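Peer 1: The structure file model-v4.txt (compact mmCIF, C-alpha atoms and all ligand atoms) is provided below.
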```txt
# COMPACT_ATOMS: atom_id res chain seq x y z
CA MET A 1 -71.01 13.15 -22.40
CA PHE A 2 -68.38 12.32 -19.73
CA LYS A 3 -65.60 12.93 -22.26
CA TRP A 4 -66.98 16.37 -23.13
CA VAL A 5 -67.19 17.32 -19.44
CA SER A 6 -63.58 16.18 -18.84
CA LEU A 7 -62.37 18.07 -21.91
CA PHE A 8 -64.20 21.19 -20.74
CA ILE A 9 -62.55 20.93 -17.27
CA ILE A 10 -59.09 20.46 -18.84
CA ILE A 11 -59.55 23.46 -21.19
CA LYS A 12 -60.80 25.57 -18.27
CA LYS A 13 -57.73 24.59 -16.22
CA ILE A 14 -55.40 25.46 -19.11
CA ILE A 15 -57.05 28.89 -19.53
CA VAL A 16 -56.78 29.64 -15.76
CA LEU A 17 -53.12 28.56 -15.76
CA ALA A 18 -52.35 30.69 -18.84
CA ILE A 19 -54.01 33.75 -17.24
CA THR A 20 -52.10 33.19 -13.97
CA ILE A 21 -48.72 32.89 -15.74
CA THR A 22 -49.38 35.91 -18.00
CA THR A 23 -50.47 38.03 -15.02
CA ALA A 24 -47.39 37.02 -13.03
CA LEU A 25 -45.06 37.82 -15.93
CA LEU A 26 -46.67 41.15 -16.79
CA SER A 27 -47.26 42.34 -13.24
CA PRO A 28 -44.75 45.01 -12.24
CA LEU A 29 -45.02 43.73 -8.67
CA TYR A 30 -43.54 40.33 -9.49
CA PRO A 31 -40.42 40.78 -11.57
CA LYS A 32 -39.71 37.53 -13.37
CA THR A 33 -35.97 37.95 -13.01
CA LYS A 34 -33.95 37.10 -9.95
CA ILE A 35 -32.36 39.92 -8.03
CA ARG A 36 -29.33 41.00 -10.06
CA PRO A 37 -26.14 40.06 -8.20
CA ASN A 38 -24.26 42.93 -6.66
CA PRO A 39 -20.46 43.01 -6.92
CA TRP A 40 -20.42 43.43 -3.15
CA HIS A 41 -20.99 40.86 -0.45
CA ILE A 42 -21.83 41.86 3.09
CA ARG A 43 -20.78 39.86 6.14
CA VAL A 44 -23.62 39.71 8.68
CA LEU A 45 -22.96 38.49 12.21
CA LEU A 46 -25.71 35.99 13.07
CA ASP A 47 -24.37 34.57 16.31
CA GLU A 48 -21.35 34.63 18.58
CA GLY A 49 -20.42 33.16 21.94
CA THR A 50 -18.01 31.03 23.90
CA THR A 51 -16.83 27.56 22.86
CA LYS A 52 -16.86 26.38 26.49
CA LYS A 53 -20.40 25.10 26.02
CA GLN A 54 -21.16 23.00 22.96
CA LYS A 55 -23.41 24.79 20.50
CA THR A 56 -25.41 23.06 17.77
CA PHE A 57 -26.76 24.34 14.46
CA ASP A 58 -29.14 22.25 12.37
CA LEU A 59 -28.98 23.13 8.70
CA SER A 60 -31.31 21.93 5.97
CA CYS A 61 -31.44 22.33 2.22
CA PRO A 62 -33.41 20.07 -0.13
CA HIS A 63 -30.65 20.25 -2.76
CA GLY A 64 -27.71 19.39 -0.50
CA PHE A 65 -24.76 21.55 0.52
CA PHE A 66 -21.39 22.77 -0.59
CA LEU A 67 -18.51 22.75 1.88
CA LEU A 68 -15.98 25.48 1.28
CA LYS A 69 -12.72 26.47 2.93
CA ASN A 70 -13.83 30.07 2.89
CA PRO A 71 -16.96 31.80 1.58
CA VAL A 72 -15.31 32.97 -1.65
CA SER A 73 -13.28 29.85 -2.48
CA LYS A 74 -14.07 28.19 -5.81
CA LYS A 75 -13.10 24.74 -4.57
CA LYS A 76 -16.12 23.10 -3.00
CA THR A 77 -17.23 19.67 -1.88
CA HIS A 78 -20.78 18.64 -2.67
CA LEU A 79 -22.60 16.94 0.21
CA LYS A 80 -25.66 15.07 -0.99
CA THR A 81 -27.52 15.25 2.26
CA LYS A 82 -30.60 17.30 3.03
CA LYS A 83 -29.69 17.80 6.67
CA LEU A 84 -26.47 18.72 8.35
CA ARG A 85 -25.67 19.32 11.99
CA VAL A 86 -22.82 21.62 12.98
CA TYR A 87 -21.32 21.28 16.47
CA ILE A 88 -19.08 23.97 17.88
CA SER A 89 -17.03 23.23 20.98
CA SER A 90 -13.58 23.93 22.41
CA LYS A 91 -12.28 21.02 20.27
CA GLY A 92 -13.31 22.66 17.02
CA ILE A 93 -16.16 22.43 14.53
CA SER A 94 -17.70 19.01 13.82
CA LEU A 95 -20.13 18.05 11.12
CA LYS A 96 -22.75 15.36 11.24
CA LYS A 97 -24.62 14.24 8.15
CA GLU A 98 -27.95 12.47 8.46
CA GLY A 99 -27.13 9.25 10.28
CA ALA A 100 -23.36 9.54 10.86
CA ILE A 101 -20.56 11.80 12.03
CA PHE A 102 -18.95 13.30 8.96
CA LYS A 103 -16.00 15.29 10.33
CA ASN A 104 -15.17 15.27 13.98
CA GLY A 105 -13.85 18.42 15.59
CA SER A 106 -11.43 19.00 12.78
CA PHE A 107 -12.23 22.50 11.64
CA LYS A 108 -11.37 25.92 13.02
CA ARG A 109 -13.26 27.60 10.22
CA LEU A 110 -15.84 26.19 7.87
CA SER A 111 -18.16 27.64 5.25
CA ILE A 112 -21.36 25.97 4.14
CA ALA A 113 -23.51 27.03 1.20
CA PRO A 114 -26.71 25.54 -0.19
CA ALA A 115 -26.13 23.54 -3.38
CA LYS A 116 -29.05 25.51 -4.79
CA GLY A 117 -31.50 28.10 -3.40
CA TYR A 118 -31.05 28.86 0.27
CA LEU A 119 -30.34 26.94 3.45
CA SER A 120 -32.34 27.13 6.61
CA THR A 121 -31.37 26.98 10.25
CA ASN A 122 -33.40 27.74 13.37
CA ASP A 123 -36.48 28.42 11.22
CA GLN A 124 -34.67 31.15 9.25
CA CYS A 125 -33.72 30.84 5.59
CA TYR A 126 -30.46 32.37 4.40
CA ASP A 127 -29.12 33.29 1.00
CA GLY A 128 -25.37 33.12 0.52
CA THR A 129 -22.91 31.22 2.69
CA LEU A 130 -22.70 30.60 6.43
CA MET A 131 -19.21 30.79 7.85
CA PHE A 132 -18.56 29.12 11.21
CA ASP A 133 -15.40 30.44 12.76
CA ILE A 134 -13.58 29.70 15.99
CA THR A 135 -11.84 32.90 17.01
CA LYS A 136 -8.80 33.37 19.22
CA ASN A 137 -10.38 33.89 22.62
CA LYS A 138 -12.15 30.53 22.82
CA SER A 139 -15.17 32.03 21.18
CA PHE A 140 -17.03 31.50 17.93
CA GLN A 141 -18.84 33.55 15.33
CA VAL A 142 -21.39 32.60 12.70
CA ILE A 143 -21.28 35.00 9.78
CA ASN A 144 -23.59 35.06 6.78
CA TRP A 145 -21.77 36.15 3.61
CA VAL A 146 -24.55 37.38 1.39
CA ASP A 147 -24.98 39.43 -1.77
CA LEU A 148 -25.68 43.05 -0.81
CA GLU A 149 -28.93 43.17 -2.83
CA ASP A 150 -30.24 39.92 -1.27
CA TYR A 151 -29.36 41.35 2.11
CA ILE A 152 -31.31 44.57 1.48
CA TYR A 153 -34.28 42.55 0.19
CA SER A 154 -34.27 40.70 3.53
CA VAL A 155 -33.88 43.86 5.61
CA LEU A 156 -36.94 45.46 3.96
CA ARG A 157 -39.14 42.73 5.40
CA TYR A 158 -38.11 43.60 8.96
CA GLU A 159 -37.44 47.34 8.86
CA VAL A 160 -40.61 48.38 6.96
CA TYR A 161 -44.13 46.96 6.96
CA GLN A 162 -44.41 44.85 3.83
CA SER A 163 -47.84 46.37 3.16
CA TRP A 164 -46.43 49.91 2.89
CA PRO A 165 -46.29 51.55 -0.57
CA ILE A 166 -43.52 50.39 -2.90
CA ASP A 167 -41.94 53.86 -3.04
CA MET A 168 -41.47 53.72 0.73
CA HIS A 169 -39.63 50.42 0.20
CA LYS A 170 -37.44 52.12 -2.38
CA VAL A 171 -36.66 54.94 0.06
CA GLN A 172 -35.83 52.38 2.76
CA ALA A 173 -33.81 50.21 0.34
CA ILE A 174 -31.54 53.16 -0.48
CA ALA A 175 -31.22 54.21 3.18
CA SER A 176 -30.51 50.63 4.32
CA ARG A 177 -28.07 49.91 1.48
CA THR A 178 -26.20 53.14 2.23
CA TYR A 179 -26.09 52.35 5.94
CA ALA A 180 -24.84 48.81 5.21
CA SER A 181 -22.18 50.11 2.80
CA ARG A 182 -20.99 52.52 5.46
CA CYS A 183 -20.64 49.61 7.92
CA MET A 184 -18.77 47.59 5.27
CA LYS A 185 -16.38 50.46 4.69
CA GLU A 186 -15.70 50.94 8.40
CA ALA A 187 -15.23 47.19 8.96
CA ARG A 188 -12.68 46.98 6.15
CA GLN A 189 -10.80 49.96 7.51
CA THR A 190 -10.65 48.55 11.02
CA GLY A 191 -10.13 44.89 10.03
CA LYS A 192 -13.30 43.66 11.74
CA SER A 193 -14.32 40.05 11.11
CA TYR A 194 -17.86 41.06 10.11
CA ASP A 195 -19.54 44.14 8.65
CA ILE A 196 -22.85 44.41 10.42
CA LYS A 197 -24.92 42.87 13.21
CA ASN A 198 -28.29 41.26 12.44
CA ASN A 199 -30.27 43.17 15.08
CA ASN A 200 -31.40 46.73 15.68
CA PHE A 201 -27.95 47.67 16.92
CA HIS A 202 -27.52 48.09 13.15
CA GLN A 203 -30.46 46.86 11.04
CA VAL A 204 -32.78 43.90 11.61
CA TYR A 205 -31.95 40.94 9.34
CA ASN A 206 -33.52 37.52 9.75
CA GLY A 207 -32.72 36.00 6.38
CA THR A 208 -34.80 35.85 3.26
CA HIS A 209 -38.60 35.85 2.98
CA GLU A 210 -41.50 35.31 0.62
CA TYR A 211 -42.72 38.88 0.07
CA LEU A 212 -41.68 38.82 -3.56
CA HIS A 213 -43.24 42.19 -4.41
CA LEU A 214 -40.40 43.83 -2.44
CA LYS A 215 -37.99 42.71 -5.17
CA LYS A 216 -39.35 45.54 -7.29
CA ALA A 217 -37.93 48.04 -4.78
CA ILE A 218 -34.54 46.29 -4.94
CA LYS A 219 -34.53 46.08 -8.73
CA GLU A 220 -35.42 49.75 -9.17
CA THR A 221 -32.81 50.98 -6.69
CA TYR A 222 -30.10 48.47 -7.66
CA ASN A 223 -26.75 49.36 -6.04
CA THR A 224 -27.99 52.91 -5.34
CA ILE A 225 -26.72 54.71 -2.26
CA LEU A 226 -26.55 58.21 -0.84
CA SER A 227 -23.04 59.54 -0.79
CA TYR A 228 -21.33 62.39 0.95
CA GLU A 229 -17.80 63.50 0.08
CA GLY A 230 -17.29 60.41 -2.07
CA GLY A 231 -18.30 57.76 0.49
CA PRO A 232 -21.55 56.22 1.75
CA ALA A 233 -23.39 58.51 4.15
CA LEU A 234 -24.35 57.48 7.67
CA THR A 235 -28.05 57.12 6.86
CA MET A 236 -29.51 56.60 10.29
CA PHE A 237 -33.27 56.16 10.50
CA ASP A 238 -35.89 55.50 13.12
CA ALA A 239 -39.61 54.90 13.48
CA CYS A 240 -40.86 58.41 14.33
CA CYS A 241 -39.07 61.71 14.95
CA GLY A 242 -41.90 63.24 16.97
CA GLY A 243 -41.25 66.58 15.23
CA CYS A 244 -37.85 66.97 16.97
CA ILE A 245 -35.21 68.90 15.01
CA PRO A 246 -32.02 66.78 15.03
CA GLY A 247 -29.83 69.81 14.22
CA LYS A 248 -30.76 71.20 17.65
CA MET A 249 -29.60 68.13 19.55
CA GLY A 250 -26.93 68.96 22.06
CA TYR A 251 -25.30 65.55 22.42
CA PHE A 252 -24.73 64.54 18.81
CA ASP A 253 -21.52 65.55 17.03
CA PHE A 254 -22.54 66.41 13.47
CA LYS A 255 -19.10 67.57 12.26
CA LYS A 256 -18.47 64.53 10.07
CA THR A 257 -22.14 63.98 9.23
CA PRO A 258 -23.64 67.45 8.60
CA TYR A 259 -26.44 65.86 6.54
CA LEU A 260 -27.85 64.48 9.82
CA ALA A 261 -28.10 67.96 11.35
CA ARG A 262 -31.46 68.75 9.73
CA LYS A 263 -32.50 72.23 10.82
CA TYR A 264 -36.20 72.01 9.98
CA PRO A 265 -38.83 69.77 11.53
CA CYS A 266 -40.66 66.81 10.03
CA ARG A 267 -44.23 66.86 11.23
CA TYR A 268 -45.47 64.37 8.67
CA CYS A 269 -45.46 61.68 11.34
CA LYS A 270 -47.91 63.42 13.64
CA ASN A 271 -50.72 60.92 13.11
CA TYR A 272 -48.56 58.12 14.51
CA SER A 273 -49.48 57.06 18.05
CA LEU A 274 -45.95 57.69 19.38
CA TYR A 275 -45.60 61.20 17.93
CA ARG A 276 -46.46 62.20 21.50
CA TRP A 277 -46.46 59.73 24.37
CA GLU A 278 -46.85 59.68 28.13
CA LYS A 279 -45.43 57.15 30.58
CA LYS A 280 -46.23 57.00 34.27
CA TYR A 281 -43.95 55.87 37.10
CA ASP A 282 -44.92 55.43 40.71
CA PHE A 283 -42.56 57.89 42.46
CA ASP A 284 -41.14 55.31 44.90
CA GLU A 285 -40.68 52.77 42.08
CA LEU A 286 -38.61 55.28 40.06
CA ALA A 287 -36.64 56.33 43.16
CA ASN A 288 -35.79 52.66 43.78
CA LEU A 289 -34.73 52.18 40.18
CA LEU A 290 -32.42 55.20 40.46
CA ARG A 291 -30.94 53.81 43.69
CA SER A 292 -30.36 50.36 42.19
CA SER A 293 -29.20 51.13 38.63
CA PRO A 294 -25.39 50.81 38.31
CA ARG A 295 -25.11 54.15 36.52
CA THR A 296 -27.06 56.21 39.07
CA SER A 297 -26.98 54.17 42.26
CA ALA A 298 -24.05 55.84 44.08
CA ILE A 299 -25.11 59.43 43.49
CA ALA A 300 -28.82 58.77 44.08
CA LYS A 301 -28.02 57.21 47.48
CA THR A 302 -26.09 60.33 48.59
CA ALA A 303 -29.24 62.41 48.05
CA GLY A 304 -31.17 60.43 50.66
CA ARG A 305 -34.89 59.81 50.34
CA LEU A 306 -36.02 61.52 47.12
CA LYS A 307 -38.68 64.23 47.21
CA ASN A 308 -38.75 65.33 43.58
CA ILE A 309 -37.11 64.83 40.17
CA LYS A 310 -36.76 67.54 37.53
CA ALA A 311 -35.27 67.90 34.04
CA LYS A 312 -32.59 70.52 33.35
CA GLU A 313 -30.48 71.76 30.42
CA ILE A 314 -33.13 70.87 27.86
CA ASP A 315 -31.83 71.30 24.30
CA GLY A 316 -33.70 72.49 21.21
CA SER A 317 -34.91 68.99 20.42
CA GLY A 318 -36.46 68.56 23.87
CA ILE A 319 -33.74 66.30 25.30
CA PRO A 320 -32.78 66.96 28.95
CA HIS A 321 -29.04 66.74 29.50
CA LYS A 322 -29.19 66.88 33.29
CA ILE A 323 -31.70 65.50 35.76
CA VAL A 324 -31.93 67.00 39.23
CA LEU A 325 -32.71 64.67 42.14
CA TYR A 326 -34.04 66.53 45.18
CA GLY A 327 -33.32 64.42 48.27
CA ARG A 328 -33.81 64.87 52.04
CA LYS A 329 -30.02 65.02 52.55
CA LYS A 330 -29.08 67.01 49.45
CA THR A 331 -29.83 67.88 45.85
CA VAL A 332 -27.75 66.08 43.23
CA GLU A 333 -27.56 65.99 39.44
CA ILE A 334 -27.19 63.03 37.11
CA LYS A 335 -26.58 62.87 33.38
CA GLY A 336 -29.67 62.83 31.16
CA SER A 337 -28.25 59.78 29.32
CA ASP A 338 -27.91 57.87 32.63
CA PHE A 339 -31.48 58.73 33.59
CA PHE A 340 -32.64 57.54 30.15
CA GLU A 341 -30.99 54.15 30.75
CA VAL A 342 -33.05 53.84 33.95
CA VAL A 343 -36.36 54.63 32.22
CA ARG A 344 -35.68 53.21 28.76
CA LYS A 345 -37.99 50.24 29.26
CA LYS A 346 -40.87 52.71 29.13
CA ALA A 347 -39.51 55.86 27.47
CA LYS A 348 -39.74 55.74 23.67
CA SER A 349 -37.08 58.37 23.03
CA ARG A 350 -34.71 60.70 24.88
CA SER A 351 -36.89 63.75 24.21
CA PHE A 352 -39.22 64.10 27.21
CA SER A 353 -40.27 66.40 30.01
CA ILE A 354 -40.64 65.26 33.63
CA ALA A 355 -43.48 66.26 35.95
CA LYS A 356 -44.43 65.08 39.44
CA LYS A 357 -48.18 64.65 39.80
CA GLY A 358 -49.23 63.41 43.21
CA TRP A 359 -47.35 60.14 43.85
CA ASN A 360 -46.46 59.71 40.22
CA ILE A 361 -43.77 60.91 37.85
CA ILE A 362 -45.05 61.56 34.35
CA LEU A 363 -42.68 61.46 31.37
CA SER A 364 -44.21 63.30 28.40
CA GLY A 365 -42.19 62.50 25.31
CA ARG A 366 -41.85 62.91 21.58
CA GLY A 367 -41.12 60.29 18.92
CA PHE A 368 -39.88 56.71 18.90
CA GLY A 369 -36.18 55.97 18.45
CA HIS A 370 -32.98 57.99 18.42
CA LEU A 371 -34.66 60.85 16.48
CA VAL A 372 -31.77 61.29 14.03
CA GLY A 373 -31.92 60.86 10.24
CA MET A 374 -34.95 59.60 8.36
CA CYS A 375 -38.29 59.37 10.15
CA GLN A 376 -39.98 56.29 8.65
CA ARG A 377 -43.52 57.33 9.55
CA GLY A 378 -42.88 60.77 8.06
CA ALA A 379 -41.34 59.31 4.88
CA ARG A 380 -44.31 57.02 4.45
CA GLU A 381 -46.67 60.02 4.69
CA LEU A 382 -44.58 61.90 2.11
CA VAL A 383 -44.90 58.94 -0.29
CA LYS A 384 -48.67 59.17 0.22
CA ARG A 385 -48.53 62.87 -0.60
CA GLY A 386 -46.80 62.12 -3.90
CA TRP A 387 -43.20 63.12 -3.10
CA ASN A 388 -40.70 61.13 -5.15
CA VAL A 389 -37.95 58.95 -3.66
CA LYS A 390 -35.15 61.44 -4.36
CA LYS A 391 -37.02 64.38 -2.80
CA ILE A 392 -37.85 62.39 0.35
CA LEU A 393 -34.23 61.29 0.82
CA SER A 394 -32.89 64.81 0.33
CA PHE A 395 -35.46 66.11 2.83
CA TYR A 396 -34.12 63.78 5.54
CA TYR A 397 -30.45 63.74 4.48
CA PRO A 398 -29.82 67.24 3.10
CA GLY A 399 -26.53 67.61 1.23
CA THR A 400 -26.15 63.95 0.19
CA LYS A 401 -26.13 62.77 -3.43
CA LEU A 402 -27.75 59.75 -5.03
CA GLY A 403 -25.25 57.52 -6.82
CA ARG A 404 -23.91 53.99 -7.24
CA LEU A 405 -21.75 52.11 -4.80
CA THR A 406 -18.51 51.77 -6.73
CA ASN A 407 -15.85 51.57 -4.04
CA LEU A 408 -15.44 51.16 -0.32
ZN ZN A 501 -41.25 62.64 11.59
```
Produce structure tokens that represent the structure in this file.
Peer 2:
Amino acid sequence: MFKWVSLFIIIKKIIVLAITITTALLSPLYPKTKIRPNPWHIRVLLDEGTTKKQKTFDLSCPHGFFLLKNPVSKKKTHLKTKKLRVYISSKGISLKKEGAIFKNGSFKRLSIAPAKGYLSTNDQCYDGTLMFDITKNKSFQVINWVDLEDYIYSVLRYEVYQSWPIDMHKVQAIASRTYASRCMKEARQTGKSYDIKNNNFHQVYNGTHEYLHLKKAIKETYNTILSYEGGPALTMFDACCGGCIPGKMGYFDFKKTPYLARKYPCRYCKNYSLYRWEKKYDFDELANLLRSSPRTSAIAKTAGRLKNIKAKEIDGSGIPHKIVLYGRKKTVEIKGSDFFEVVRKKAKSRSFSIAKKGWNIILSGRGFGHLVGMCQRGARELVKRGWNVKKILSFYYPGTKLGRLTNL
């Protein structure tokens, strides 16, 4: 009887395993293949600083590491250690294997790759190679050389909610790949040591992740970019446009990027909480901020005690270009961009009106971000409404063409 029960359990386990494997292989969400390598690598700046203070990086990889002279060199030394510590100081780059110093302060530049899979440092896992480099001015840089497709796969995790529809990930993959390619092109032209930063100065990148279903978006948009006049377009994007028309912005020069000067509104983002927003400042608090901020301090002090603040020269996208400060001594004007720097901790975009209500100043604004290019909340809504990827991209970047990245 016991034997029959055991046999039944084993057969049941085999059937469950077979179903799981078949489902995984057939499911369009989990492509069985790895991401196809792209001919292009991107160089992502992960960290930089001075060598005056010693800096330490702990690396781990269960399969060991390869040491390389540079990220593309074929000659590599296999280190059979699961953990490696990199020290950077004014003396150079040192390496410590588990238990002992391996190389002491002998490198000015060093590249480390996982022997297999990815390596992790500071709780982040990275594909590709990490290059540690001591630069001329007693400073260092850590640059991740990574396949462009692996990079985009990572960016999707941080620039779009992983639960959003797959077509939205495809839209974002093309926008992000195009943006990255543009940065690569500019870096090569100017001789920069890296192509792109890993934060929202460019695009957020924190290494690879486990949301495997996003690979489908990479696979189906492989090496696809939006081009304009033969090169990658500047595909800026932000969270929510607030219905602002970028083509009516007074401060942005669209001459080289006419596809960013969209002349019609996107209102598909209007259900998002930051489509319209309101932020309140205590009047005295804002007056103090204006008097203490480096950009506005001198001129705000000449006005004397402030009585009121008003917006002026408001462009077609709702952005004020001048702010008038009414003081007891005199009335002065400051640049809208300088005022925005003072309030940017609260203001979600540069498109806002200003009203004094009692002892408060109320900023009533539109959208979240720089308001140029693709509106992610709007694009997501368009996916829901059944628009295809191409139509959504041409709505936000009119005049660009879908194509492959073939040269930089
Ligand atoms: Zn929008």
Peer 1: Any idea what's packed within 6 Å of range 281-287 of chain A, counting only C-alpha atoms, ignoring anything in its chain fewer than 6 positions away? Could you give it as a list in words?
Peer 2: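 Neighbouring residues, sequence-local ones excluded: Trp359, Asn360 and Ile361 of chain A.
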Peer 1: Near Trp387 in chain A, within 12 Å and counting only C-alpha atoms, which residues show up once chain neighbours fewer than 5 positions away are dropped, as a JSON list (two decimals) with C-alpha atoms, in the frame of the given file?
Peer 2:
```json
[["chain", "number", "residue", "atom", "x", "y", "z"],
["A", 167, "ASP", "CA", -41.94, 53.86, -3.04],
["A", 168, "MET", "CA", -41.47, 53.72, 0.73],
["A", 171, "VAL", "CA", -36.66, 54.94, 0.06],
["A", 378, "GLY", "CA", -42.88, 60.77, 8.06],
["A", 379, "ALA", "CA", -41.34, 59.31, 4.88],
["A", 380, "ARG", "CA", -44.31, 57.02, 4.45],
["A", 381, "GLU", "CA", -46.67, 60.02, 4.69],
["A", 382, "LEU", "CA", -44.58, 61.90, 2.11],
["A", 392, "ILE", "CA", -37.85, 62.39, 0.35],
["A", 393, "LEU", "CA", -34.23, 61.29, 0.82],
["A", 394, "SER", "CA", -32.89, 64.81, 0.33],
["A", 395, "PHE", "CA", -35.46, 66.11, 2.83]]
```
Peer 1: For the atom pair CA of His63 in chain A and CA of Pro37 in chain A, what is the interatomic distance in Å to one decimal place?
Peer 2: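 Straight-line distance from CA of His63 in chain A to CA of Pro37 in chain A works out to 21.0 Å.
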Peer 1: Just give me the gap between CA of Lys335 in chain A and CA of Arg276 in chain A in Å, one decimal is fine.
Peer 2: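 Going from CA of Lys335 in chain A over to CA of Arg276 in chain A covers 23.2 Å.
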Peer 1: Taking all atoms listed in the file and a cut-off of 12 Å, can you tell me which residues surround ligand ZN 501 (chain A), written as a VMD selection string?
Peer 2: chain A and resid 237 to 246 262 264 to 276 366 to 382 392 395 to 396
Peer 1: Pick the closest to Ser297 in chain A from A:Gly318, A:Val332, A:Glu229, A:Ser193: which is it, counting all atoms listed in the file?
Peer 2: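 Ranked by minimum distance to Ser297 in chain A, first place goes to A:Val332.
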Peer 1: As an exercise, work out the distance from CA of Leu45 in chain A to CA of Glu98 in chain A in Å and give it to one decimal place.
Peer 2: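 Atom-to-atom, CA of Leu45 in chain A and CA of Glu98 in chain A are spaced 26.8 Å apart.
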Peer 1: Tell me which protein, DNA and RNA residues are within 10 Å of Gly304 in chain A, counting only C-alpha atoms, leaving out same-chain ones fewer than 6 positions away, and put them as a PyMOL selection string.
Peer 2: chain A and resi 291+325-332
Peer 1: Using only C-alpha atoms, determine which residues lie at most 8 Å from range 92-95 of chain A, disregarding the query and same-chain residues fewer than 5 positions distant; provide the list as a short mmCIF file (atom, residue, chain, number, x, y, z; two decimals) with C-alpha atoms, keeping the file's coordinate frame.
Peer 2:
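Listing of result-v6.cif after writing:
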```cif
data_model
loop_
_atom_site.label_atom_id
_atom_site.label_comp_id
_atom_site.auth_asym_id
_atom_site.auth_seq_id
_atom_site.Cartn_x
_atom_site.Cartn_y
_atom_site.Cartn_z
CA LEU A 84 -26.47 18.72 8.35
CA ARG A 85 -25.67 19.32 11.99
CA VAL A 86 -22.82 21.62 12.98
CA TYR A 87 -21.32 21.28 16.47
CA ILE A 101 -20.56 11.80 12.03
CA PHE A 102 -18.95 13.30 8.96
CA LYS A 103 -16.00 15.29 10.33
CA ASN A 104 -15.17 15.27 13.98
CA GLY A 105 -13.85 18.42 15.59
CA SER A 106 -11.43 19.00 12.78
CA PHE A 107 -12.23 22.50 11.64
CA LYS A 108 -11.37 25.92 13.02
CA ARG A 109 -13.26 27.60 10.22
CA LEU A 110 -15.84 26.19 7.87
CA PHE A 132 -18.56 29.12 11.21
CA ILE A 134 -13.58 29.70 15.99
#
```
Peer 1: Using all atoms listed in the file, which of the listed residues (A:Lys55, A:Arg43, A:Lys345, A:Lys83) sits closest to Asn198 in chain A?
Peer 2: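 Nearest to Asn198 in chain A: A:Arg43.
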